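Visitor: Please find one structure pasted underneath; my questions will follow.
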Amino acid sequence: MPLFLAEMLEVGVPTIDEWVVWAILAAPVVSWLLIIAYLRKLPAIAGYATILAVGVSTVLSFVVLFNVIDATGGPVVFSYEWFTAGSVVVNFGARVDGLTAVMLVVVSSVSFLVQIFSQGYMAGDKGYGRYYAHMSLFTASMLGLVLADNLLMLFVFWELVGLSSYLLIGFWFHKPSAAAAAKKAFIVTRIGDLGLLAALLLIWARGGTFQIDEIHQLAITGALSSTVITWFALGVFAGAAGKSAQFPLHVWLPDAMEGPTPVSALIHAATMVAAGVYLVGRFFPVFEASADAQTVVSWVGAITAVVAATIAIVQTDLKRVLAYSTISQLGYMMLALGLLGYVAAIFHLFTHAFFKALLFLGSGSVNHSTNTFDMRQMGGLYKLMPITFATFLIGSLSLAGIFPLAGFWSKDEILHDAWGHDRVLWAIALGVAFMTALYMFRAIFLTFFGEYKGGQPVDHHDEESHFHGDPAHPHESGWVMTIPLIILAVPAIGAGVFNMAGITDGLARLLTGALPVPDLHEVSFDWWVAGSSTVVAVSGIAIAWAIYYRRVVESSALRDAFYPLAVVFERKYFLDNLYEDFIARTVLQRWWNRLLELFDTYVVDGAVNGSATVTREVSARLRVVQNGQVQAYGLLLVAGVIIIVAAVFTANPL
Amino acid sequence: MNALDVVGPQLIILIAAGLILLTEGIFGRYRRILPYIALAGLVASAAWTTSWVIRDDYQTIFDGTFSLDQYAVFFYYVFAGVTALVVLASVDWVDRVGRRQAEYYALVLTATAGLMFLAGARDLITIFIALELSSIPQYILAGWQKDRRSSEAGLKYLLLGAISSAVLLYGMALIYGFTGTTILPEIGRVIAAEGEENRALLIVAVTMLIAGFGFKMAVVPFQMWVPDVYQGAPTPVTAFLSVGSKAAAFAVVIRVFFEGLGADFISSDWANIFAVLAAVTMTVGNVMAIVQSDIKRMLGYSSVAQAGTFLIGLAAVSATGDGFTLGASAVLLFVAAYAFTNLGAFVAVIAISQRIGSDQIADYSGMWKRAPLLAAALAFCLISLTGIPPTAGFWAKLYIFNAGIHADLAWLVIIAVLNTVVSGYYYLGVVRQMFLGDTQERPFRVSPTIGVSLAVTTAGVLVFGILPAPLIDAAQEAVQIFAGQ
């Protein structure tokens, strides 16, 4: 069955004024500086400054996008020498091509809507000004990450993204759970960052360049050995796995839900977590050159998708369902990248950003009137919050992949690629599609249907709480919150038009034009793939309806029937126990501290110890000399010399 | 006259020291101007150095024992800057102690002159004398406060320093005995010509040099004095020790080993020694820093760990760049970045401990609410010490790791990167305490002098974090004198 038709694209150079590109990055930087400077005097300006700045970035991002479309996604680079390190020239530059343009639009437009939504959600919070300062910094870092034309600059912004997300997750730092979540996110993502750092050092030493297009050429021409390419690709993927929450580094993302909900919508749905997928896409030619790296990427993605989807089914917290769903969908994108489905993966990133941001903001809207994310305390909200319900339903249908919403088209393209490459992975992807429909509609039936269970009563003694509503009588949120929901619902429905298999291929042309060898793989519409995915999605919804709406069987009875599985899912495959209880508490804290104690007692105390002196008398000074510490030092010094000499002679005899 | 012109940057600092002593003797009432005399002396010294840079006429004097070259000039600037910042950060503390203010500033300046002589010394005897000239004032300064800990620190530093000097001198004597000269380039020539059959002797000598200098560099296993002296000495003095003294030790070690002991058959041996010591030093320093509850002790162990990172540059002697030695330039870059960063951290600690009277990390809780700028500056310096962009510390670490990779020391770089992660735990632990901890204590402001030195250091960390080019260029140019070796 011929699946792909290859066509070499005619790619041009976009005609963009340089200031437009830099202004996209500069606008949020300026608002950040403004907020910092006037934070104490005028905290009220923070929100407007950020909205205005990100609004400017959004408009200019669209300008860039239209220009890049004219050039079929071809690249243009504005680059300046930053400094020279050794013989390597490092640039500070912006690379604008199809991939960049798509990411710019996603990041700035979602950020823009989230900033508006936050005006309502964060109103009255003590940290209002600080919140917008962090948001500006985050948006600027993310835009810089997307624009960077070389790996080193990308890494710098990558770390800044990590830092600002640390600040945002721990925003309500008086809550111990938020502080812990921020720390966890920072540590876990940094483990992945080590891989990226290793890749950076490797390409510096072996390739002698950081420029992205030169690295592409190194991979295409085979100038570097396949071992180096593979290790480089795996290092890049490790970084991507940390930020994009891939198994087994996904554990930070659900905890990160402790941050304010708009933060979750921006960072943990649309932008930062997508940065990993973007990174792999950015270095796609390198992955194309390494079959081993492809296998790792696709299987890690597949495992992530399955693990997260199974956990999402048993969550009781609405936001955590969305968190695990995000992890699962990111796994989906990685799976596609591993199967060389570059266009499919970025297409799904694109549609997912909109419908997942919509879902997160929807959950925030629900939380705003019920004071809880616990679905067991909700129910029946569809009458009380009609706009939130309608938009949430649209987001869920899109996520579940129901024709003709945006999610259908992007998910279908991934399934299509999987069908063509690896039937095992296709079957896994199909299973995940089923579970996606199931957990999303479980959430919908629990949240919006049935009886309202009262929400979470307001604790008036909690001064830090910023909740002002009345959970006993939930109501629709104000327009600052509902309008972003409505706006986001539009792309959640229609973003598929940019790349409908066999009908339109605008996005594919745009993205493919960004590659060094821009040959377009046209994807034909396959009734068998589309039909099977629709059948599983609809059956997922039907089963959710049967269990959680009609209550054909009690969900507790189901849980008993699948008891061992349910426990594994509920305990998140025991990974948190492994990391936190075993590795962190037992190995690192207990065993390690014991070791350090021994070291301290026998080595440090035994030799030199400042607190060893006893009296305050003048003679104490002499006693220091006499109590043997100085002699011990002399001995140690001589021993050190002897050991070094002996070691050198042993290692390298005369 | 020419010789006086060449050592002018040092002389003018010594003159300032004399002036300070005279001023207090004659105009005792005008004590307030003492630190400003010191600053004026440092500025004049830097200006004199700059005149040499403009003249671009570097020369060697005193029969080849002392050399003013672009390498020495790099360190002149570092030392003048470090000392100026330490003087600024000392003003409040010296006022509070009250007694012997002139002597304090005079001793700091004398030590600085010694450090600058070290940077230019090209002869074993000159090196030794310069080392003592810088060390003896530091012994006194460490014991400046009349309390138990400070006295103990001073005495311990003196005694252990004396032992190390003895070992160093022994190593130098062995080298002299073998080569018949004390001048580094000539030592290099003799060793290259006829050293190979006497490798055993040279290795013993090299090891003794490493042990002697290792004391100043605070390299394991010669670091035992560090935590006690750092904790016991007055904090401004600790800042000076941890930055100035350490930088000078690396300056002289690079010169001795690259110029005097650069022959291939012996450099591969000492490069291996440095590589192993680097791994051990980083690991021990970081592991011990984790368990400290006193911030000065923590910074002490952290400076041990940083010394291990410095050593990677020495171990990477075989890595060459475009006409310069990659490893050596990495050390210089690290010296400058570390100087700004560590000084910034210590200045913040000085400011905080003056207010809260404690060096316990637990007492830093909620510092964000009490002094937001101070907390932000300290946090920024700690982020730089961890090596996270956009800070000077990030570029320094990246550059030194690159030198390691180029010298095929991938194993060492891996250990270093892992150590970076470990170090993040305790550096960011302080940040967490300051920003996420809670406090009921009242806010406070810092004094203008401390504010200025904190602003300068933090700005340095940030500016070189965003625009590292000038610093990298300077470091690469400075080590070009070793290119012909």
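The chains in the structure tokens are called A, B, ... from first to last as shown; in each chain the residues are counted from 1, and the ligands are counted from 1 in the order shown.
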Any idea what's packed within 9 Å of Glu103 in chain B, counting only C-alpha atoms, ignoring anything in its chain fewer than 5 positions away? Could you give it as a list of chain:residue names?
Guide: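 The residues that qualify are B:Ala17, B:Ile20, B:Leu21, B:Val108.
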Visitor: Env of Ala256 in chain A: 10 Å cut, atoms = only C-alpha atoms, seq-sep filter 6 positions within chain, self excluded. Answer as an MDAnalysis selection string.
Guide: chainID A and resid 165:166 168:170 177:185 263:264 267:268 320 323
Visitor: Determine, for each residue of chain B having at least one atom at most 7 Å from an atom of chain A, the closest pair of atoms and their separation in Å to one decimal, counting only C-alpha atoms; order by chain and ascending number, as JSON lines.
Guide:
{"residue": "B:Arg148", "atom": "CA", "partner": "A:Arg616", "partner_atom": "CA", "distance": 6.6}
{"residue": "B:Glu152", "atom": "CA", "partner": "A:Arg621", "partner_atom": "CA", "distance": 6.1}
{"residue": "B:Leu160", "atom": "CA", "partner": "A:Val630", "partner_atom": "CA", "distance": 6.8}
{"residue": "B:Ile163", "atom": "CA", "partner": "A:Gly634", "partner_atom": "CA", "distance": 6.8}
{"residue": "B:Ile203", "atom": "CA", "partner": "A:Val645", "partner_atom": "CA", "distance": 6.7}
{"residue": "B:Val204", "atom": "CA", "partner": "A:Val645", "partner_atom": "CA", "distance": 6.2}
{"residue": "B:Thr207", "atom": "CA", "partner": "A:Val641", "partner_atom": "CA", "distance": 6.0}
{"residue": "B:Met208", "atom": "CA", "partner": "A:Val641", "partner_atom": "CA", "distance": 6.5}
{"residue": "B:Ala211", "atom": "CA", "partner": "A:Val641", "partner_atom": "CA", "distance": 6.7}
{"residue": "B:Pro221", "atom": "CA", "partner": "A:Gly640", "partner_atom": "CA", "distance": 6.4}
{"residue": "B:Phe222", "atom": "CA", "partner": "A:Leu637", "partner_atom": "CA", "distance": 6.3}
{"residue": "B:Met224", "atom": "CA", "partner": "A:Val608", "partner_atom": "CA", "distance": 6.6}
{"residue": "B:Asp228", "atom": "CA", "partner": "A:Gly610", "partner_atom": "CA", "distance": 5.2}
{"residue": "B:Asp269", "atom": "CA", "partner": "A:Val648", "partner_atom": "CA", "distance": 7.0}
{"residue": "B:Gly321", "atom": "CA", "partner": "A:Gly86", "partner_atom": "CA", "distance": 5.2}
{"residue": "B:Asp322", "atom": "CA", "partner": "A:Ser87", "partner_atom": "CA", "distance": 5.8}
{"residue": "B:Leu326", "atom": "CA", "partner": "A:Gly86", "partner_atom": "CA", "distance": 6.9}
{"residue": "B:Pro389", "atom": "CA", "partner": "A:Val156", "partner_atom": "CA", "distance": 5.6}
{"residue": "B:Pro390", "atom": "CA", "partner": "A:Val156", "partner_atom": "CA", "distance": 6.5}
{"residue": "B:Asn402", "atom": "CA", "partner": "A:Leu201", "partner_atom": "CA", "distance": 6.3}
{"residue": "B:Ile405", "atom": "CA", "partner": "A:Ala205", "partner_atom": "CA", "distance": 6.5}
{"residue": "B:His406", "atom": "CA", "partner": "A:Ala205", "partner_atom": "CA", "distance": 6.1}
{"residue": "B:Leu436", "atom": "CA", "partner": "A:Phe173", "partner_atom": "CA", "distance": 5.7}
{"residue": "B:Pro468", "atom": "CA", "partner": "A:Phe83", "partner_atom": "CA", "distance": 6.8}
{"residue": "B:Ala469", "atom": "CA", "partner": "A:Phe83", "partner_atom": "CA", "distance": 4.4}
{"residue": "B:Ile472", "atom": "CA", "partner": "A:Ala85", "partner_atom": "CA", "distance": 6.8}
Visitor: From the options A:His216, A:His250, A:Lys411, A:Arg130, which residue's atoms come nearest to Ser533 in chain A, counting only C-alpha atoms?
Guide: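 With only C-alpha atoms as the atom set, the closest residue is A:Lys411.
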Visitor: From the set B:Phe346, B:Phe215, B:Phe240, B:Phe334, which residue has the shortest atom-to-atom contact distance to Val304 in chain B, counting only C-alpha atoms?
Guide: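 Once distances to Val304 in chain B are computed over only C-alpha atoms, the minimum belongs to B:Phe215.
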Visitor: Give me the residues within 10 Å of range 58-67 of chain B as a PyMOL selection string, counting only C-alpha atoms and dropping any in the same chain fewer than 4 places off.
Guide: chain B and resi 2-4+6-7+52-53+71-73+117-127+182-186
Visitor: Would you save the residues of that selection, restricted to C-alpha atoms, as a PDB file, in the first residue's frame?
Guide:
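Writing done, so here's result_12.pdb:
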ATOM      1  CA  ASN B   2      62.641  50.819  34.581  1.00  0.00           C
ATOM      2  CA  ALA B   3      62.399  48.143  37.256  1.00  0.00           C
ATOM      3  CA  LEU B   4      60.472  50.522  39.495  1.00  0.00           C
ATOM      4  CA  VAL B   6      57.526  47.543  36.113  1.00  0.00           C
ATOM      5  CA  VAL B   7      56.680  46.822  39.737  1.00  0.00           C
ATOM      6  CA  TRP B  52      51.371  49.019  30.760  1.00  0.00           C
ATOM      7  CA  VAL B  53      48.543  47.482  28.761  1.00  0.00           C
ATOM      8  CA  TYR B  71      49.275  36.877  32.092  1.00  0.00           C
ATOM      9  CA  ALA B  72      50.392  38.832  35.146  1.00  0.00           C
ATOM     10  CA  VAL B  73      48.281  41.786  34.080  1.00  0.00           C
ATOM     11  CA  PHE B 117      54.198  39.677  42.950  1.00  0.00           C
ATOM     12  CA  LEU B 118      53.193  36.018  42.828  1.00  0.00           C
ATOM     13  CA  ALA B 119      51.385  36.523  39.537  1.00  0.00           C
ATOM     14  CA  GLY B 120      54.503  37.899  37.881  1.00  0.00           C
ATOM     15  CA  ALA B 121      57.175  35.793  39.567  1.00  0.00           C
ATOM     16  CA  ARG B 122      59.143  33.554  37.223  1.00  0.00           C
ATOM     17  CA  ASP B 123      61.693  32.280  39.633  1.00  0.00           C
ATOM     18  CA  LEU B 124      61.354  29.825  42.489  1.00  0.00           C
ATOM     19  CA  ILE B 125      62.903  32.090  45.096  1.00  0.00           C
ATOM     20  CA  THR B 126      60.821  35.071  44.050  1.00  0.00           C
ATOM     21  CA  ILE B 127      57.760  32.870  44.155  1.00  0.00           C
ATOM     22  CA  THR B 182      65.701  28.706  39.885  1.00  0.00           C
ATOM     23  CA  ILE B 183      64.411  30.530  36.829  1.00  0.00           C
ATOM     24  CA  LEU B 184      61.368  28.797  35.360  1.00  0.00           C
ATOM     25  CA  PRO B 185      62.091  28.934  31.599  1.00  0.00           C
ATOM     26  CA  GLU B 186      65.610  27.624  32.217  1.00  0.00           C
TER      27      GLU B 186
END
Visitor: Quick one: DSSP alpha helix (DSSP H) residues in range 357-433 of chain A, as an mmCIF file with C-alpha atoms, in the first residue's frame?
Guide:
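Output below, filename out30.cif:
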data_model
loop_
_atom_site.group_PDB
_atom_site.id
_atom_site.type_symbol
_atom_site.label_atom_id
_atom_site.label_comp_id
_atom_site.auth_asym_id
_atom_site.auth_seq_id
_atom_site.Cartn_x
_atom_site.Cartn_y
_atom_site.Cartn_z
ATOM 1 C CA ALA A 357 -5.015 24.934 27.505
ATOM 2 C CA LEU A 358 -8.782 25.160 27.098
ATOM 3 C CA LEU A 359 -9.326 22.155 29.362
ATOM 4 C CA PHE A 360 -6.971 23.486 32.031
ATOM 5 C CA LEU A 361 -8.574 26.900 32.020
ATOM 6 C CA GLY A 362 -11.960 25.177 32.135
ATOM 7 C CA SER A 363 -10.895 23.253 35.233
ATOM 8 C CA GLY A 364 -9.711 26.569 36.685
ATOM 9 C CA SER A 365 -13.101 28.068 36.020
ATOM 10 C CA VAL A 366 -14.761 25.123 37.780
ATOM 11 C CA ASN A 367 -12.361 25.507 40.681
ATOM 12 C CA HIS A 368 -13.112 29.196 40.851
ATOM 13 C CA SER A 369 -16.719 28.513 41.716
ATOM 14 C CA THR A 370 -16.453 25.258 43.686
ATOM 15 C CA LEU A 381 -22.380 21.735 36.933
ATOM 16 C CA TYR A 382 -23.554 21.774 33.314
ATOM 17 C CA LYS A 383 -26.679 23.754 34.197
ATOM 18 C CA LEU A 384 -24.855 26.142 36.506
ATOM 19 C CA PRO A 386 -23.034 26.392 30.782
ATOM 20 C CA ILE A 387 -20.173 28.186 29.018
ATOM 21 C CA THR A 388 -17.515 26.350 30.989
ATOM 22 C CA PHE A 389 -19.302 23.077 30.342
ATOM 23 C CA ALA A 390 -19.738 23.634 26.617
ATOM 24 C CA THR A 391 -16.126 24.633 26.067
ATOM 25 C CA PHE A 392 -14.855 21.829 28.300
ATOM 26 C CA LEU A 393 -16.915 19.377 26.280
ATOM 27 C CA ILE A 394 -15.447 20.712 23.044
ATOM 28 C CA GLY A 395 -11.927 20.347 24.446
ATOM 29 C CA SER A 396 -12.642 16.796 25.569
ATOM 30 C CA LEU A 397 -14.137 15.748 22.236
ATOM 31 C CA SER A 398 -11.141 17.203 20.475
ATOM 32 C CA LEU A 399 -8.736 15.411 22.816
ATOM 33 C CA ALA A 400 -10.644 12.175 22.384
ATOM 34 C CA ALA A 406 -8.857 19.398 15.651
ATOM 35 C CA GLY A 407 -7.661 16.476 17.735
ATOM 36 C CA PHE A 408 -9.125 13.981 15.279
ATOM 37 C CA TRP A 409 -6.909 15.152 12.444
ATOM 38 C CA SER A 410 -3.638 15.302 14.351
ATOM 39 C CA LYS A 411 -4.196 12.043 16.210
ATOM 40 C CA ASP A 412 -5.225 10.372 12.993
ATOM 41 C CA GLU A 413 -1.984 11.409 11.343
ATOM 42 C CA ILE A 414 0.065 9.900 14.162
ATOM 43 C CA LEU A 415 -1.901 6.660 13.935
ATOM 44 C CA HIS A 416 -1.417 6.740 10.215
ATOM 45 C CA ASP A 417 2.368 7.009 10.550
ATOM 46 C CA ALA A 418 2.401 4.267 13.176
ATOM 47 C CA TRP A 419 0.330 1.988 10.929
ATOM 48 C CA GLY A 420 2.874 2.436 8.171
ATOM 49 C CA HIS A 421 5.953 1.810 10.304
ATOM 50 C CA ARG A 423 2.025 -2.295 13.832
ATOM 51 C CA VAL A 424 2.862 -2.978 17.490
ATOM 52 C CA LEU A 425 3.255 0.698 18.208
ATOM 53 C CA TRP A 426 0.087 1.362 16.221
ATOM 54 C CA ALA A 427 -1.856 -1.045 18.409
ATOM 55 C CA ILE A 428 -0.477 0.652 21.520
ATOM 56 C CA ALA A 429 -1.405 4.066 20.175
ATOM 57 C CA LEU A 430 -4.903 2.849 19.414
ATOM 58 C CA GLY A 431 -5.242 1.510 22.954
ATOM 59 C CA VAL A 432 -4.166 4.861 24.331
ATOM 60 C CA ALA A 433 -6.767 6.585 22.151
#
Visitor: Write out as a list in words each polymer residue whose atoms come within 10 Å of Leu234 in chain A, counting only C-alpha atoms; drop sequence neighbours fewer than 2 positions from it.
Guide: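 My reading of the contact set: Gly195, Leu196, Ala198, Ala199, Val228, Ile229, Thr230, Trp231, Phe232, Val236, Phe237, Ala238, Gly239, Ala240, Ala241, Val280, Phe287, Ser290, Asp292, Ala293, Gln294, Val296 and Val297 of chain A.
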Visitor: Given only C-alpha atoms as the basis, pick out the residue of B:Ala193, B:Ile295, B:Val331, B:Met367 nearest to Thr309 in chain B.
Guide: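 Smallest distance to Thr309 in chain B is found for B:Val331.
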Visitor: Using only C-alpha atoms, which of A:Phe498, A:Phe66, A:Phe449, A:Trp299 sits nearest Ile346 in chain A?
Guide: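 Ranking A:Phe498, A:Phe66, A:Phe449, A:Trp299 by distance to Ile346 in chain A, first place goes to A:Phe498.
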Visitor: Can you tell me which residues surround Glu24 in chain B at a distance of at most 10 Å, considering only C-alpha atoms, apart from same-chain residues fewer than 2 positions away, and format the answer as a list in words?
Guide: Leu19, Ile20, Leu21, Leu22, Ile26, Phe27, Gly28, Arg29, Tyr30, Arg31, Arg32, Ile33, Leu34, Arg100, Gln101, Ala102 and Glu103 of chain B
Visitor: Ranking B:Val280, B:Ala371, B:Leu332, B:Ala337 by minimum distance to Thr439 in chain B and counting only C-alpha atoms, which one comes first?
Guide: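 Under the stated criterion, the closest residue is B:Ala371.
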Visitor: Taking the chain letters and numbering used in this document, name the residues of range 36-224 of chain B that DSSP puts in strand (DSSP E or B), as a count of residues only.
Guide: 9
Visitor: What's around range 30-36 of chain A at 12 Å? Count only C-alpha atoms, leave out sequence neighbours fewer than 4 positions away in its own chain, and write the answer as a PyMOL selection string.
Guide: (chain A and resi 22-26+40-57+128-141+164) or (chain B and resi 372-373)
Visitor: Those selected residues, please, written with N, CA and C atoms and delivered as a CSV table (one decimal), in the first residue's frame.
Guide:
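Result file follows (selection.csv):
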chain,number,residue,atom,x,y,z
A,22,TRP,N,13.1,40.4,16.7
A,22,TRP,CA,13.6,40.7,18.0
A,22,TRP,C,12.6,41.3,18.9
A,23,ALA,N,11.6,42.0,18.3
A,23,ALA,CA,10.6,42.7,19.2
A,23,ALA,C,9.7,41.6,19.9
A,24,ILE,N,9.6,40.5,19.2
A,24,ILE,CA,8.8,39.4,19.8
A,24,ILE,C,9.4,39.0,21.1
A,25,LEU,N,10.7,38.9,21.1
A,25,LEU,CA,11.5,38.5,22.3
A,25,LEU,C,11.5,39.6,23.3
A,26,ALA,N,11.7,40.9,22.8
A,26,ALA,CA,12.0,42.0,23.7
A,26,ALA,C,10.7,42.4,24.4
A,40,ARG,N,6.7,47.5,43.6
A,40,ARG,CA,6.2,48.0,44.9
A,40,ARG,C,5.3,49.1,44.8
A,41,LYS,N,5.6,50.0,43.9
A,41,LYS,CA,4.8,51.2,43.8
A,41,LYS,C,3.5,51.0,43.1
A,42,LEU,N,3.5,50.3,42.0
A,42,LEU,CA,2.3,50.1,41.2
A,42,LEU,C,2.0,48.7,40.8
A,43,PRO,N,1.7,47.8,41.8
A,43,PRO,CA,1.5,46.4,41.4
A,43,PRO,C,0.4,46.3,40.4
A,44,ALA,N,-0.5,47.2,40.4
A,44,ALA,CA,-1.7,47.1,39.5
A,44,ALA,C,-1.3,47.1,38.0
A,45,ILE,N,-0.2,47.7,37.7
A,45,ILE,CA,0.2,47.7,36.2
A,45,ILE,C,0.7,46.4,35.7
A,46,ALA,N,1.0,45.5,36.7
A,46,ALA,CA,1.7,44.2,36.3
A,46,ALA,C,0.9,43.5,35.2
A,47,GLY,N,-0.4,43.3,35.5
A,47,GLY,CA,-1.2,42.5,34.6
A,47,GLY,C,-1.3,43.2,33.2
A,48,TYR,N,-1.6,44.5,33.2
A,48,TYR,CA,-1.8,45.2,31.9
A,48,TYR,C,-0.5,45.2,31.1
A,49,ALA,N,0.7,45.4,31.8
A,49,ALA,CA,2.0,45.4,31.2
A,49,ALA,C,2.2,44.1,30.5
A,50,THR,N,1.9,43.0,31.2
A,50,THR,CA,2.2,41.7,30.6
A,50,THR,C,1.3,41.4,29.5
A,51,ILE,N,0.0,41.7,29.6
A,51,ILE,CA,-1.0,41.5,28.6
A,51,ILE,C,-0.6,42.2,27.3
A,52,LEU,N,-0.3,43.5,27.5
A,52,LEU,CA,0.1,44.3,26.4
A,52,LEU,C,1.3,43.8,25.7
A,53,ALA,N,2.4,43.4,26.5
A,53,ALA,CA,3.6,42.9,25.9
A,53,ALA,C,3.4,41.6,25.1
A,54,VAL,N,2.7,40.7,25.8
A,54,VAL,CA,2.5,39.4,25.1
A,54,VAL,C,1.5,39.6,23.9
A,55,GLY,N,0.6,40.6,24.0
A,55,GLY,CA,-0.2,40.9,22.9
A,55,GLY,C,0.6,41.4,21.7
A,56,VAL,N,1.6,42.2,22.0
A,56,VAL,CA,2.5,42.7,20.9
A,56,VAL,C,3.2,41.5,20.3
A,57,SER,N,3.7,40.6,21.2
A,57,SER,CA,4.4,39.4,20.7
A,57,SER,C,3.5,38.6,19.8
A,128,TYR,N,0.0,39.1,43.3
A,128,TYR,CA,-0.5,39.5,42.0
A,128,TYR,C,0.7,40.0,41.1
A,129,GLY,N,1.4,41.0,41.6
A,129,GLY,CA,2.5,41.6,40.8
A,129,GLY,C,3.6,40.6,40.5
A,130,ARG,N,4.0,39.8,41.6
A,130,ARG,CA,5.0,38.8,41.4
A,130,ARG,C,4.6,37.8,40.4
A,131,TYR,N,3.3,37.5,40.4
A,131,TYR,CA,2.8,36.4,39.5
A,131,TYR,C,3.1,36.9,38.0
A,132,TYR,N,2.7,38.2,37.7
A,132,TYR,CA,2.9,38.6,36.4
A,132,TYR,C,4.4,38.8,36.0
A,133,ALA,N,5.2,39.1,37.0
A,133,ALA,CA,6.6,39.2,36.7
A,133,ALA,C,7.2,37.9,36.3
A,134,HIS,N,6.8,36.8,37.0
A,134,HIS,CA,7.3,35.5,36.7
A,134,HIS,C,6.7,35.1,35.3
A,135,MET,N,5.4,35.4,35.0
A,135,MET,CA,4.8,35.1,33.8
A,135,MET,C,5.5,35.7,32.6
A,136,SER,N,5.9,37.0,32.8
A,136,SER,CA,6.6,37.7,31.7
A,136,SER,C,7.9,37.0,31.4
A,137,LEU,N,8.6,36.7,32.5
A,137,LEU,CA,10.0,36.1,32.4
A,137,LEU,C,9.8,34.8,31.7
A,138,PHE,N,8.8,34.0,32.1
A,138,PHE,CA,8.6,32.7,31.5
A,138,PHE,C,8.3,32.8,30.0
A,139,THR,N,7.4,33.7,29.6
A,139,THR,CA,7.1,33.9,28.2
A,139,THR,C,8.3,34.3,27.4
A,140,ALA,N,9.1,35.2,28.0
A,140,ALA,CA,10.3,35.7,27.3
A,140,ALA,C,11.2,34.5,27.1
A,141,SER,N,11.5,33.7,28.1
A,141,SER,CA,12.4,32.6,28.0
A,141,SER,C,11.9,31.6,27.0
A,164,SER,N,12.1,29.8,35.7
A,164,SER,CA,10.9,30.6,35.8
A,164,SER,C,9.7,29.6,36.1
B,372,PRO,N,14.9,42.2,50.5
B,372,PRO,CA,14.7,41.5,49.2
B,372,PRO,C,15.9,41.6,48.2
B,373,LEU,N,16.5,42.8,48.1
B,373,LEU,CA,17.6,42.9,47.2
B,373,LEU,C,18.8,42.1,47.6
Visitor: Find the residues around Leu558 in chain A up to 12 Å (only C-alpha atoms counted), leave out those fewer than 6 positions away in its own chain, and share them as a PyMOL selection string.
Guide: chain A and resi 314+547-548+551-552+564-566
Visitor: Suppose we keep C-alpha atoms; can you now write the selection as a PDB file, in the first residue's frame?
Guide:
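result00.pdb was written with the following content:
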ATOM      1  CA  VAL A 314      -8.191   6.354  38.366  1.00  0.00           C
ATOM      2  CA  ILE A 547     -20.356   3.484  34.102  1.00  0.00           C
ATOM      3  CA  TYR A 548     -20.390   7.071  35.297  1.00  0.00           C
ATOM      4  CA  ARG A 551     -24.231   3.499  36.387  1.00  0.00           C
ATOM      5  CA  VAL A 552     -24.744   0.132  34.726  1.00  0.00           C
ATOM      6  CA  PRO A 564      -4.369  -5.457  41.575  1.00  0.00           C
ATOM      7  CA  LEU A 565      -4.396  -3.307  38.445  1.00  0.00           C
ATOM      8  CA  ALA A 566      -6.332  -0.542  40.155  1.00  0.00           C
TER       9      ALA A 566
END
Visitor: Rounded to one decimal, what separation in Å do you get between CA of Ile466 in chain B and CA of Ala46 in chain B?
Guide: 24.8 Å
Visitor: So, counting only C-alpha atoms, which residue among B:Ile175, B:Leu159, B:Leu311, B:Ala376 is closest to Ile191 in chain B?
Guide: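 Ranked by minimum distance to Ile191 in chain B, first place goes to B:Ile175.
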